[in-house]
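To start, the structure under review is shown below, and the notes come after it.
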Protein chains: 2
Amino acid sequence: MTAAQEPPLKQVPLTGLLGIALEAMLAEFRGQLEQEGYGDIRPTHGCVFRFVHGDGMRLTDLSALAGMTKQSVGEVVDDLAERGYVERFPDPDDRRAKLIRLTAKGKEAQATGFGIFAAIEQRWAERFGPDRLADIRALLEEIAHAEAPEAVPELARPALAHAS
Amino acid sequence: MTAAQEPPLKQVPLTGLLGIALEAMLAEFRGQLEQEGYGDIRPTHGCVFRFVHGDGMRLTDLSALAGMTKQSVGEVVDDLAERGYVERFPDPDDRRAKLIRLTAKGKEAQATGFGIFAAIEQRWAERFGPDRLADIRALLEEIAHAEAPEAVPELARPALAHAS
DNA sequence: ATGCCTTGTCAGGCTGTCTGACCAGGCGAA
DNA sequence: TTCGCCTGGTCAGACAGCCTGACAAGGCAT
């Protein structure tokens, strides 16, 4: 037990740990979501559910937020439309464009999803320590803000704002 | 600034933040790796590089560690073998099996990769605070240990061990 | 009113993974 | 021994999820 120097410092890369934590949370999420009756929602659909809001958004905007091509997001939107979660309607201000919005069913699903995420985080907080989880969230928000501010517009306004 | 109750508590899901952090680290990793001359190593190859060690491992063992099918890992091994990073040789103890081990080139690549991961973590530590990063690592290790102990065998022996 | 930009779609392709079927070799029980 | 079953690895085929390229319809500025 003599704490000698570890020779090559073979620690598990942080990416591996992040990946495991992420995967575990997502697995929990998918299970819960299915249990709530949304078994037909797949991970890919997240790129729309995460960002769609308001009275109608353009595909172009969604794809920019999601960091994916219009074609890819368009396919997801098609799929969600077939399943009745979103609907397209013509943009009254621009006849080229179509707007995408959640249906009533879609809004329920989105709310359920966000609720599940909150519940999981709550459970993890109880399990691993509320303050530790708050710390990790704060740090991750800071990292996200630094690395991909466009993907987390919600972070544009918090306390950090006046820190720079 | 009256801290009233937030109505639907619309916080960004932790998974999103974890994903951004993970992606950012991996992007940094890939950039560095290419810069070190290993531009032909793709993310998929990680499922082998992460786990292969010693004097030869079976495909079955690698696939179990990686949590993937034998076929998928086999394809990756084929690819790495063509590129000269690993080699197969018959298991002297079991004529059905072949053992997989790193070539000299593969060992260099693996060491370089682990080094880059360590360097990135070091840089992030300086950037976001060494103690905060240590905290997040400790928490993530705990989570990983709880959620996927088989994927992080290195964690089987640390200080946590006598805590239970 | 003409030429360029934007919006969305169609078509095709690639990567990474999976399932199913199979052969060759090992191993235990009759 | 030898027969039936298990195990290690491979072949073949499929599919999800993403991409790039090409395009038609519509807006917009000179």
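Ordering of the structure tokens sets the chain letters (A, B, ...), residue numbers begin anew at 1 in every chain, and ligands are numbered from 1 in the order given.
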
Residues flagged strand (DSSP E) by DSSP in range 33-140 of chain A, as a ChimeraX atom specification
/A:57-58,86-90,98-102

Export, as an mmCIF file, in the first residue's frame, the selected residues with C-alpha atoms.
data_model
loop_
_atom_site.group_PDB
_atom_site.id
_atom_site.type_symbol
_atom_site.label_atom_id
_atom_site.label_comp_id
_atom_site.auth_asym_id
_atom_site.auth_seq_id
_atom_site.Cartn_x
_atom_site.Cartn_y
_atom_site.Cartn_z
ATOM 1 C CA MET A 57 -40.200 26.765 -37.007
ATOM 2 C CA ARG A 58 -38.514 26.334 -40.318
ATOM 3 C CA VAL A 86 -45.579 17.286 -35.493
ATOM 4 C CA GLU A 87 -47.277 18.901 -38.431
ATOM 5 C CA ARG A 88 -46.166 21.101 -41.278
ATOM 6 C CA PHE A 89 -48.087 24.037 -42.585
ATOM 7 C CA PRO A 90 -47.197 26.697 -45.100
ATOM 8 C CA LYS A 98 -43.155 25.370 -44.427
ATOM 9 C CA LEU A 99 -43.402 25.745 -40.704
ATOM 10 C CA ILE A 100 -43.115 22.849 -38.324
ATOM 11 C CA ARG A 101 -44.872 22.715 -35.007
ATOM 12 C CA LEU A 102 -45.823 20.171 -32.403
#

What parts of range 59-126 of chain B does DSSP call helix (DSSP H, G or I)? I'd like the answer as a PyMOL selection string.
chain B and resi 59-66+70-82+104-126

With a cut-off of 12 Å and counting only C-alpha atoms (C1' of nucleotides), select all residues of chain D in contact with chain B and give the selection as a count of residues only.
6

Residues of chain B no more than 9 Å from chain A, counting only C-alpha atoms: send them over as an MDAnalysis selection string.
chainID B and resid 9:26 114 117:118 121 128 132:133 135:137 139:144 147:148 151:152 154:155

Which residues of chain C come within 9 Å of chain A, and for each one, what is the closest pair of atoms and their distance in Å to one decimal, counting only C-alpha atoms (C1' of nucleotides), sorted by chain and residue number, as CSV?
residue,atom,partner,partner_atom,distance
C:DT6,C1',A:Arg96,CA,8.4
C:DT7,C1',A:Ala97,CA,5.5
C:DG8,C1',A:Ala97,CA,7.1
C:DT9,C1',A:Gln71,CA,7.9

From the set B:Gly31, B:Pro130, B:Gly39, B:Gly46, which residue has the shortest atom-to-atom contact distance to Val76 in chain B, counting only C-alpha atoms?
B:Gly46

List the neighbours of Thr112 in chain B out to 12 Å using only C-alpha atoms (C1' of nucleotides); skip same-chain residues closer than 6 positions along the sequence, and give me the result as a list in words.
Pro8 of chain A; Phe29, Arg30, Gln32, Leu33, Glu34, Gln35, Glu36, Gly37, Tyr38, Ile41, Phe49, Lys105, Gly106, Ala118 and Ala119 of chain B

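Checking D:DC6, D:DT1, D:DG17, D:DA24 one by one against DC14 in chain C, counting only C-alpha atoms (C1' of nucleotides), you find the shortest gap at D:DG17.
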
Correct to one decimal, the distance CA of Ser63 in chain A-CA of Asp78 in chain A is 13.6 Å

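Going from CA of Val73 in chain A over to CA of Thr44 in chain A, you cover 9.2 Å.
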
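For the atom pair formed by CA of Ser72 in chain A and CA of Cys47 in chain A, the distance is 9.8 Å, given to one decimal.
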